[in-house]
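*Asks:* My structure is below; once you've seen it, I'll send some questions.
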Amino acid sequence: MYMDDFEYYRADSVENALELLADHDGAELIAGAHGLLPRMKTGDESPSALVDIGQLSGLDAIEARDGERDGDPGGISIGALATHTEIAESETVREHATALADAAAELGDPQVRNGGTIGGNLAHGDARSDPPAPLLALDGSLEVRSPDGERTIAATDLFEGPFETAVADDEIVTAVRVPTDADAVSGYHKRRDPLSGYAMVGVGVWLRTDGETIEAARVAVTGATTNPARLPAAEDELEGSAVSEETITEASAQAGTTLSDEAFVSDVQASAEYREHLLSIDTERTLYEVLEVDR
Amino acid sequence: MSDADASGDSGDDGSGAFGAAIERGEDVPLLTGSGEYTDDISRRGTTHLAIRRSDHAHARIENVDTGDAEAMDGVLAVYTGEDVVESGVPNTIPTAWDLPGLVQPQYRMLATDKVRHEGTAVAAVVAETPHVAHDALERIDVEYEPLEHVTDPVEAVERDVSPVHDEAEDNVAFDFELGDADATDEAFADADRVASVDLRQPRIIPNAMEPRAALADWDETTEKLRLWMTSQNPHLHRMLLSAGTLGLPENKIQVIAPEVGGGFGSKIYHYPDEAVTAWCSMQLGRPVKWQATRSESYLTDCHGRDHVTTGEIALDEDGTIRGVRVETHAGLGAQLSQFGTATPSYLYATVLSGQYTIPAIHCRVVGAFTNTTPVDAYRGAGRAEGIYVIERLVDVGARELGMDSVELRRHNLVAPDEFPYESAAALVYDSGEYERAMDLALEHVDYDELRERQRELRDEDRYIGIGVGNFIESAGLSPSGLAGDLGAQAGGWESSIVRFDSTGSVTVLAGTADQGQGHRTTYAQIAAEELGLSVDDIDVVEGDTDRIPQGMGTYGSRSASVGGGSIARGAREVREKARRIAAHQLETSVDDIEFEDGEFHVAGAPDRSLHIQAIAHEAYLGHDLPEGMDPGLEETNFYDPENFTYPFGTHVAVVEVDPETGEIEIERYVAVDDCGEIINPMIVEGQVHGGIAQGIGAALYEGAAYDDDGHLQTRRMDEYAVPHATQLPDFETDNTVTPSPHNPIGVKGVGESATIAATPTIVSAVVDALEPFDVDHLDMPITPESVWRAAETGGDR
Amino acid sequence: MWKPPTVIANTTRGRTTEETRRQYMSEHEISVTVNGERHELAVEPRTLLVTALRDELGYTGANVGCETGRCGTCTVAVNGETIKSCTRLAVQTDGAEIETVEGLADDGDLTPLQESFQEHHGLQCGYCTPGMLLSADALLATNDDPTREEIREAIEGNLCRCTGYQNIVDAIEATADRLGERR
Ligand SMILES: Cc1cc2nc3c(=O)[nH]c(=O)nc-3n(C[C@H](O)[C@H](O)[C@H](O)COP(=O)(O)OP(=O)(O)OC[C@H]3O[C@@H](n4cnc5c(N)ncnc54)[C@H](O)[C@@H]3O)c2cc1C
Ligand code: FES
Ligand code: FES
């Protein structure tokens, strides 16, 4: 409840924020404050300074960019400061990146969705978070800026461990990028932890199909594991297989096979073994939902 | 002897206020944000207290260095346990219930020798702002010598561990027995079958939404302490602070409980913190405020339950229960809280007969000290644990006999003509129609059809379960003499004043203290009924020891029956005095005066009348009163009931479980409660809803746990599941009404009933759903994982 | 008989005034508009919005029930959106429009939602109520005919230990119905 003291700076532009970060040792960014403040209040973190980017304008835009142009990869771009509510309500995201919209809609509660941002969520690296699984399944990436310039971090390179991400201390995430594909469908299924409301098991799925065969597949998990991860065994099983109950069953059975036992989280509410068991079931549920196959 | 005169059918005609679903008078300030809770109140120059707590479960305090903290800007003082000792105050947090052979170790405001549980108060900082006070906490350097700890009540007494208190080497605080051991052994020897269950009732953290808080203001000139605090019983707190910790005379302490944001037991007790707040104000001569953070609440608010039990039930083939034998290890935590001893003994063992005629009962309870947060009464206290045991036993007994559990229940119910019923567990039940309530509940769900549906669904690999929970509650612990015989160090009465103001309005001062129960409304209804007035004429005042002369407070479902009973009796005395004045002024005999709608009139001459409010005016004028009558129109009443009251009822839950994932869905929840006469059905229903929510919480979600280091594992609100709106279903409620024959208004109380009922009902339902998997019991909280495991392994984990 | 306890002489550390209080805090001047009224105040960076509202500005309707953003008793609306005011720094809201429970009733006239809470006994101890009202208002602003399930989801971030939620859901549902009739 009572935090250690810190200095506070409000940035008026991304450049200004980068400068403030550079000028103050141990400074951290703050956007929606919903990741950092709870941890500061419990003493898990105590940065000496905060650089507030929450009020920067223009960083919350959600737009579909058609085609690759001027080095822009196309697809959709979600400003780092877009709140979970904005993402859940965005037609663009729902249409082109359904899994992310699902995750945003299922995240926390209404107040948390109003307060937290997608950039903060992904930069924070809380392994119980929802958006990581869809981001991995959609093969998205983060656009980040630092004093050295801009770079792109692929989702697969982002999550490095509990509260550790590839976003460096002097970098700012400006946008989340997701490629679009008219022939693809995606979805996210969340099993809530009854205590925290975060994901006990969250499964994101992206599939490209012609209606009969699955041409490409990406499956990812969050919450169940200490680090959000892709599930290649399930993906292999899906790719090239017919859209059928059988395919779903087999792919789901494969879901956790590439993960070691230690990869699964164990806590008062659910053991690693149980989470591993649920991962298959929830992969199956997500696949049924996304493929709209009747059981 | 009984002065039963339930208002509904009292000879004199009331106003119709009693029994009406009247909207609550207390709501408007709470809806607009103007209601004042303790932390909303501030005094000029208020300082802020923060308490340094141990992060060890068990350790010797080697040294406390407060120098760095004291040197901080804004810090006014830092105190240690030694400072409190030196100040010469009595510094003893007392127990309020003695038991034979009870070991009562020293319990101080701030620890001096050892810390005995994580969260033990070790030092106190007073500073100009809460932030500075908390900053300073980190600068206090406490050196500890860690000691071996124990958090499990069975381990505490059975394993050779370093004792929590030197006075109790084996960690046994008491070894309690109730019932006839020989008769019970005999019953078991003679019975056709025996079934048993080993079960745990985990620790519950009460989680009143408002954390505990206190604001103390010591006036040096008058040497009087004003203490605003989150209290369920301000007078009890005043008494304990006076006699136990601070040593001030009671008349120099004013305890005020403003709006209190829920209690559920947790705000009954005298904790170190509020006393430290007061003591600091006395040291500094400035107002001092303390507000617990939620984590502090989790570490210090008394937890509930913590039982490890083996229960056995002896049955004949035809379903007759012959006997029940129970052995329980009850965790008391590191210190004896006021009712920590009563809760697992007399409040627990005495209800083991439940709604059933059981000829022989024996119960042994070993109360164990552990290196954990003290355990005391939480909504349902003792009765909840006891009813859980008997209901689980009835279920496993039915399974053993291959009998429908409802049939087994029905076969053994105490029949209406057996009341007053003296159970083998030492209680005398006042009244009940158990079968009527049970049948009503079963009718709501169409029990027989439901069983049919259950069979059909099982063929489709779908598993629904039907849980039935029959309960009784012993409410309103009394009379005082009996409580005293059992060890209580306080009375079981309640007190109130019913006062006509000179212009005809009425003020009721009640010794109970509301934390959301709606006393201001229900008490007004009681008084309005007795005095023939409208509730708008009545103002109810609670929660201030300077305004209300005496009281015992609100806990144990006692307010409506004991507090309300006192108000009804006081109001009747007021009415009778008014009647005498009326007779005098109408120049007739008292026997000729009739009372209707607030009007006294001469029998047979309705136009010769005087309104009770006009008489109030006369009473204060004092110009024309009957010979020898004192002026004024108010009565102080002390009501010491002749017995407990016994609310009862049946709850039924229908759940569906998915054995593959362990998911549990509550399809329906039906509650039939009989709390005697109903003063305000809307409020009664609200109590039932909230009670069910807490009972379901315990069954499915809640449960505090300690890790191997003796640290509370469920230490924050995102690690302990207070159920939220999507985790609970809509409830269907209904009532039967069986008045208590000895209560002045026929009420029995309803505060705890539903919590007591809901827990066994839900467990029963989930276990019933898992019958095809050979599961006959699951411990709480029943998580999806435990269901999944049970379905995989048939309950043998 | 009774003798007053010895008082440890410790009052010598003096009584710090408001000015000295300012000295040991690096404070930020901010301005916020609460229920239409503009306030200028100085806050430490670590002052939470809820603390500023309660302790500095006297809007004690919003409560504090946890430190993990879970209980929702601190819910207020900032620039039209409900958030948990314990999970936001006061400095972050510089320039914001804030609505608290105190701003709902108009001159003592309860809003239909508040009336409905009273009618349906949607509160007991009242500690969760200010937050509940704001969450419910936010729902009704965007959904004039919510299902019970939607209502439960809308108040998922507001814990109530007293009511079991059912009467709260009833109160919100009835308000939606009543507002629907008026349209
Ligand atoms: C009660 C509660 C429940 C929640 N439930 C869920 C849930 O169910 N699922 C879920 O996924 N999440 C949940 N969250 C977390 C929520 O999603 C947060 O929005 C998210 O974790 C952090 O976003 P933020 O904008 O608030 O980040 P902040 O707290 O402002 O920042 C978090 C971290 O990210 C860094 N950061 C922020 N923005 C940027 C940026 N643009 N570039 C680089 N670094 C940045 C910060 O320095 C900080 O280290 C919950 C939070 C709360 C309080
Ligand atoms: S105080 Fe609990 S969520 Fe804000
Ligand atoms: S009314 Fe008490 S917490 Fe909701």
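If you're wondering about the labels, chains in the structure tokens are A, B, ... by order shown, residues count from 1 in each chain, ligands from 1 in order shown.
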Find the residues of chain B in contact range of chain C, meaning any atom within 6 Å when counting only C-alpha atoms, and list them as a compact mmCIF listing (two decimals) with all heavy atoms, in the first residue's frame.

*Replies:*
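To be explicit, this is the file written out as selection33.txt:
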```txt
# COMPACT_ATOMS: atom_id res chain seq x y z
N LEU B 30 -24.92 6.15 2.91
CA LEU B 30 -23.98 5.19 2.34
C LEU B 30 -24.00 5.25 0.81
O LEU B 30 -23.00 4.96 0.15
CB LEU B 30 -24.31 3.76 2.80
CG LEU B 30 -24.29 3.54 4.32
CD1 LEU B 30 -24.72 2.13 4.67
CD2 LEU B 30 -22.89 3.82 4.88
N THR B 32 -24.55 8.00 -0.91
CA THR B 32 -24.07 9.28 -1.41
C THR B 32 -22.63 9.57 -1.00
O THR B 32 -22.08 10.61 -1.34
CB THR B 32 -24.96 10.43 -0.89
OG1 THR B 32 -25.04 10.31 0.53
CG2 THR B 32 -26.35 10.35 -1.47
N GLY B 33 -22.05 8.66 -0.27
CA GLY B 33 -20.65 8.84 0.12
C GLY B 33 -20.47 9.67 1.37
O GLY B 33 -19.34 9.96 1.75
N ASP B 40 -12.52 7.67 7.59
CA ASP B 40 -13.01 8.93 7.00
C ASP B 40 -12.93 10.07 8.01
O ASP B 40 -13.11 11.23 7.65
CB ASP B 40 -14.48 8.78 6.57
CG ASP B 40 -14.66 7.76 5.46
OD1 ASP B 40 -13.65 7.37 4.85
OD2 ASP B 40 -15.81 7.35 5.22
N LEU B 76 7.48 11.10 14.93
CA LEU B 76 7.27 11.66 16.27
C LEU B 76 7.78 10.74 17.36
O LEU B 76 8.28 11.18 18.38
CB LEU B 76 5.79 11.94 16.48
CG LEU B 76 5.23 12.99 15.54
CD1 LEU B 76 3.71 13.00 15.61
CD2 LEU B 76 5.78 14.36 15.91
N SER B 87 5.62 1.80 30.64
CA SER B 87 4.58 2.81 30.90
C SER B 87 3.67 2.38 32.04
O SER B 87 2.92 3.19 32.57
CB SER B 87 3.75 3.05 29.63
OG SER B 87 2.88 1.97 29.41
N GLY B 88 3.72 1.12 32.40
CA GLY B 88 2.97 0.67 33.57
C GLY B 88 1.51 0.33 33.32
O GLY B 88 0.77 0.06 34.25
N VAL B 89 1.09 0.37 32.07
CA VAL B 89 -0.30 -0.03 31.81
C VAL B 89 -0.41 -1.55 31.97
O VAL B 89 0.60 -2.26 31.87
CB VAL B 89 -0.76 0.39 30.39
CG1 VAL B 89 -0.77 1.91 30.27
CG2 VAL B 89 0.11 -0.23 29.31
N MET B 209 -14.95 -5.90 4.01
CA MET B 209 -14.37 -5.04 2.98
C MET B 209 -13.63 -3.85 3.58
O MET B 209 -12.65 -3.37 3.02
CB MET B 209 -15.46 -4.54 2.02
CG MET B 209 -15.73 -5.49 0.88
SD MET B 209 -14.25 -5.86 -0.08
CE MET B 209 -14.27 -7.62 0.04
N GLU B 210 -14.10 -3.39 4.72
CA GLU B 210 -13.35 -2.31 5.39
C GLU B 210 -12.29 -2.94 6.29
O GLU B 210 -12.63 -3.66 7.23
CB GLU B 210 -14.29 -1.47 6.25
CG GLU B 210 -13.57 -0.35 6.99
CD GLU B 210 -14.33 0.15 8.23
OE1 GLU B 210 -15.15 -0.61 8.80
OE2 GLU B 210 -14.09 1.28 8.64
N GLY B 261 -17.65 -1.22 8.09
CA GLY B 261 -17.77 -1.89 6.80
C GLY B 261 -17.63 -3.38 6.86
O GLY B 261 -16.70 -3.97 6.33
N GLY B 262 -18.59 -4.01 7.54
CA GLY B 262 -18.58 -5.46 7.65
C GLY B 262 -17.70 -5.93 8.79
O GLY B 262 -16.77 -5.22 9.22
N GLN B 283 0.55 8.71 24.95
CA GLN B 283 1.95 9.09 25.10
C GLN B 283 2.21 10.47 24.52
O GLN B 283 2.92 11.28 25.09
CB GLN B 283 2.87 8.09 24.37
CG GLN B 283 2.76 6.66 24.84
CD GLN B 283 2.92 6.51 26.32
OE1 GLN B 283 3.93 6.96 26.89
NE2 GLN B 283 1.95 5.93 26.98
N LEU B 284 1.63 10.72 23.36
CA LEU B 284 1.99 11.92 22.60
C LEU B 284 1.05 13.09 22.86
O LEU B 284 1.36 14.22 22.52
CB LEU B 284 1.99 11.60 21.11
CG LEU B 284 3.08 10.63 20.65
CD1 LEU B 284 2.81 10.15 19.24
CD2 LEU B 284 4.45 11.30 20.73
N ARG B 294 -4.66 -4.17 3.59
CA ARG B 294 -5.31 -5.48 3.44
C ARG B 294 -4.35 -6.61 3.83
O ARG B 294 -4.75 -7.57 4.46
CB ARG B 294 -5.79 -5.65 1.99
CG ARG B 294 -6.47 -6.98 1.71
CD ARG B 294 -7.67 -7.27 2.59
NE ARG B 294 -8.73 -6.30 2.43
CZ ARG B 294 -9.85 -6.28 3.16
NH1 ARG B 294 -10.06 -7.20 4.09
NH2 ARG B 294 -10.76 -5.34 2.97
N GLN B 515 -22.94 -3.58 11.56
CA GLN B 515 -21.90 -3.48 10.52
C GLN B 515 -22.52 -3.79 9.18
O GLN B 515 -21.89 -4.39 8.31
CB GLN B 515 -20.75 -4.47 10.75
CG GLN B 515 -20.30 -4.65 12.17
CD GLN B 515 -20.75 -6.01 12.70
OE1 GLN B 515 -20.53 -7.01 12.05
NE2 GLN B 515 -21.39 -6.04 13.85
N GLY B 516 -23.77 -3.40 9.02
CA GLY B 516 -24.43 -3.64 7.74
C GLY B 516 -25.73 -4.41 7.87
O GLY B 516 -26.45 -4.61 6.90
N HIS B 689 -28.62 -14.18 1.68
CA HIS B 689 -27.77 -14.11 0.48
C HIS B 689 -26.29 -14.01 0.85
O HIS B 689 -25.45 -14.74 0.33
CB HIS B 689 -28.12 -12.86 -0.35
CG HIS B 689 -29.40 -12.98 -1.11
ND1 HIS B 689 -29.94 -11.92 -1.78
CD2 HIS B 689 -30.24 -14.01 -1.31
CE1 HIS B 689 -31.06 -12.30 -2.36
NE2 HIS B 689 -31.27 -13.56 -2.09
N GLY B 690 -26.00 -13.05 1.71
CA GLY B 690 -24.59 -12.84 2.08
C GLY B 690 -24.00 -14.05 2.77
O GLY B 690 -22.84 -14.40 2.57
N ALA B 693 -23.21 -16.69 0.24
CA ALA B 693 -21.99 -16.34 -0.50
C ALA B 693 -20.75 -16.73 0.30
O ALA B 693 -19.79 -17.29 -0.24
CB ALA B 693 -21.98 -14.84 -0.81
N HIS B 724 -16.30 -13.20 -6.31
CA HIS B 724 -16.85 -12.02 -6.96
C HIS B 724 -18.11 -12.39 -7.74
O HIS B 724 -18.51 -13.55 -7.76
CB HIS B 724 -15.80 -11.30 -7.81
CG HIS B 724 -15.12 -12.15 -8.83
ND1 HIS B 724 -15.78 -12.57 -9.95
CD2 HIS B 724 -13.88 -12.66 -8.89
CE1 HIS B 724 -14.95 -13.31 -10.67
NE2 HIS B 724 -13.79 -13.39 -10.04
N ALA B 725 -18.70 -11.38 -8.35
CA ALA B 725 -20.07 -11.54 -8.84
C ALA B 725 -20.25 -12.68 -9.83
O ALA B 725 -21.31 -13.31 -9.87
CB ALA B 725 -20.55 -10.22 -9.45
N THR B 726 -19.25 -12.95 -10.65
CA THR B 726 -19.46 -14.01 -11.64
C THR B 726 -19.16 -15.40 -11.07
O THR B 726 -19.32 -16.39 -11.77
CB THR B 726 -18.61 -13.79 -12.91
OG1 THR B 726 -17.24 -13.68 -12.50
CG2 THR B 726 -19.01 -12.53 -13.64
N ASP B 730 -27.48 -16.91 -8.80
CA ASP B 730 -28.63 -16.35 -8.10
C ASP B 730 -29.13 -17.41 -7.12
O ASP B 730 -29.09 -18.60 -7.42
CB ASP B 730 -29.75 -16.01 -9.10
CG ASP B 730 -29.52 -14.64 -9.74
OD1 ASP B 730 -28.86 -13.80 -9.12
OD2 ASP B 730 -29.99 -14.43 -10.88
```

*Asks:* Apply DSSP to the structure's backbone, then extract all residues of stretch 279-463 of chain B labelled helix (DSSP H, G or I) and return them as a VMD selection string.

*Replies:* chain B and resid 279 to 284 294 to 300 346 to 349 383 to 401 405 to 412 416 to 418 434 to 445 447 to 459

*Asks:* Rounded to one decimal in Å, what is the spacing between atom CA of C:Asp145 and atom CA of A:Thr83?

*Replies:* 24.9 Å

*Asks:* Got a sec: who's within 12 Å of B:Gly628, counting only C-alpha atoms, leaving out chain neighbours fewer than 2 positions off, as a PyMOL selection string?

*Replies:* chain B and resi 580-581+584+622+624-626+630-631

*Asks:* Find the residues of chain A in contact range of chain C, meaning any atom within 6 Å when counting only C-alpha atoms, and list them as a list in words.

*Replies:*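 For chain A, the answer reads Met1, Tyr8, Pro38, Asp109, Gln111 and Gly115 of chain A.
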
*Asks:* Write the selection just made, keeping N, CA and C atoms, as a JSON list (two decimals), in the first residue's frame?

*Replies:*
```
[["chain", "number", "residue", "atom", "x", "y", "z"],
["A", 1, "MET", "N", 0.84, -1.20, 0.00],
["A", 1, "MET", "CA", 0.00, 0.00, 0.00],
["A", 1, "MET", "C", 0.87, 1.25, 0.00],
["A", 8, "TYR", "N", 9.03, 11.80, -10.11],
["A", 8, "TYR", "CA", 8.03, 11.62, -11.16],
["A", 8, "TYR", "C", 8.24, 12.65, -12.26],
["A", 38, "PRO", "N", 0.82, -2.04, -8.57],
["A", 38, "PRO", "CA", 0.58, -3.12, -7.61],
["A", 38, "PRO", "C", 1.89, -3.72, -7.09],
["A", 109, "ASP", "N", -10.89, -6.93, -15.23],
["A", 109, "ASP", "CA", -12.27, -6.50, -15.05],
["A", 109, "ASP", "C", -12.43, -5.14, -15.74],
["A", 111, "GLN", "N", -12.64, -2.02, -14.91],
["A", 111, "GLN", "CA", -11.76, -0.93, -14.52],
["A", 111, "GLN", "C", -10.33, -1.18, -14.96],
["A", 115, "GLY", "N", -7.91, 0.92, -17.50],
["A", 115, "GLY", "CA", -6.69, 1.54, -16.98],
["A", 115, "GLY", "C", -5.41, 1.03, -17.61]]
```

*Asks:* Kindly provide, as a list in words, the residues of chain A having any atom no farther than 9 Å from an atom of chain B, counting only C-alpha atoms.

*Replies:* Met1, Tyr2, Met3, Asp4, Asp5, Thr42, Pro194, Leu195, Ser196, Gly197, Val268, Gln269, Ala270, Ser271, Tyr274, Arg275, His277, Leu278 and Ile281 of chain A

*Asks:* Give the residues close to ligand 1, within 7 Å, counting only C-alpha atoms and all ligand atoms; write them as a VMD selection string.

*Replies:* (chain A and resid 28 to 38 80 to 81 107 to 109 112 to 113 115 to 121 123 to 124 126 128 to 131 167 171 to 174 196 to 199) or (chain C and resid 68 to 70 87)

*Asks:* Restricting it to C-alpha atoms, dump the selection as a PDB file, in the first residue's frame.

*Replies:*
```pdb
ATOM      1  CA  GLU A  28      11.057   3.244 -15.305  1.00  0.00           C
ATOM      2  CA  LEU A  29       8.286   4.069 -17.681  1.00  0.00           C
ATOM      3  CA  ILE A  30       4.760   4.150 -16.507  1.00  0.00           C
ATOM      4  CA  ALA A  31       1.776   3.979 -18.836  1.00  0.00           C
ATOM      5  CA  GLY A  32      -1.423   2.673 -17.257  1.00  0.00           C
ATOM      6  CA  ALA A  33       0.314   1.904 -13.955  1.00  0.00           C
ATOM      7  CA  HIS A  34      -1.659  -1.327 -13.632  1.00  0.00           C
ATOM      8  CA  GLY A  35       1.362  -3.537 -13.902  1.00  0.00           C
ATOM      9  CA  LEU A  36       3.868  -1.518 -11.945  1.00  0.00           C
ATOM     10  CA  LEU A  37       1.879   0.104  -9.129  1.00  0.00           C
ATOM     11  CA  PRO A  38       0.583  -3.122  -7.606  1.00  0.00           C
ATOM     12  CA  ALA A  80       1.204   1.073 -27.198  1.00  0.00           C
ATOM     13  CA  LEU A  81      -1.107   3.242 -25.132  1.00  0.00           C
ATOM     14  CA  LEU A 107      -8.654  -9.433 -19.274  1.00  0.00           C
ATOM     15  CA  GLY A 108      -9.085  -8.452 -15.626  1.00  0.00           C
ATOM     16  CA  ASP A 109     -12.274  -6.500 -15.047  1.00  0.00           C
ATOM     17  CA  VAL A 112      -8.524  -2.768 -15.251  1.00  0.00           C
ATOM     18  CA  ARG A 113      -9.356  -2.834 -18.940  1.00  0.00           C
ATOM     19  CA  GLY A 115      -6.688   1.541 -16.979  1.00  0.00           C
ATOM     20  CA  GLY A 116      -4.118  -0.837 -18.443  1.00  0.00           C
ATOM     21  CA  THR A 117      -2.404  -0.536 -21.807  1.00  0.00           C
ATOM     22  CA  ILE A 118      -1.324  -3.164 -24.290  1.00  0.00           C
ATOM     23  CA  GLY A 119       2.207  -1.760 -24.473  1.00  0.00           C
ATOM     24  CA  GLY A 120       2.601  -1.895 -20.717  1.00  0.00           C
ATOM     25  CA  ASN A 121       1.150  -5.333 -20.562  1.00  0.00           C
ATOM     26  CA  ALA A 123       6.607  -4.877 -21.846  1.00  0.00           C
ATOM     27  CA  HIS A 124       5.895  -5.952 -18.290  1.00  0.00           C
ATOM     28  CA  ASP A 126       3.881 -10.955 -16.343  1.00  0.00           C
ATOM     29  CA  ARG A 128      -0.059 -14.707 -16.147  1.00  0.00           C
ATOM     30  CA  SER A 129      -1.089 -12.052 -18.657  1.00  0.00           C
ATOM     31  CA  ASP A 130      -3.498 -12.704 -21.468  1.00  0.00           C
ATOM     32  CA  PRO A 131      -2.156 -10.795 -24.487  1.00  0.00           C
ATOM     33  CA  VAL A 167      12.324  -4.495 -24.215  1.00  0.00           C
ATOM     34  CA  GLU A 171      13.446   1.533 -24.906  1.00  0.00           C
ATOM     35  CA  ILE A 172       9.857   2.527 -25.412  1.00  0.00           C
ATOM     36  CA  VAL A 173       7.296   0.344 -27.105  1.00  0.00           C
ATOM     37  CA  THR A 174       5.382   2.519 -29.521  1.00  0.00           C
ATOM     38  CA  SER A 196      -6.185 -13.300  -9.249  1.00  0.00           C
ATOM     39  CA  GLY A 197      -8.420 -13.260 -12.297  1.00  0.00           C
ATOM     40  CA  TYR A 198      -5.332 -13.613 -14.503  1.00  0.00           C
ATOM     41  CA  ALA A 199      -4.960 -16.570 -16.834  1.00  0.00           C
TER      42      ALA A 199
ATOM     43  CA  THR C  68      -3.595  -5.132  -5.226  1.00  0.00           C
ATOM     44  CA  GLY C  69      -6.226  -3.427  -7.316  1.00  0.00           C
ATOM     45  CA  ARG C  70      -8.654  -6.210  -6.585  1.00  0.00           C
ATOM     46  CA  THR C  87      -4.010   1.992  -9.092  1.00  0.00           C
TER      47      THR C  87
END
```

*Asks:* Report the distance between atom CA of B:Ala757 and atom CA of B:Asp673 in Å, rounded to one decimal place.

*Replies:*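 Atom CA of B:Ala757 sits 9.4 Å away from atom CA of B:Asp673.
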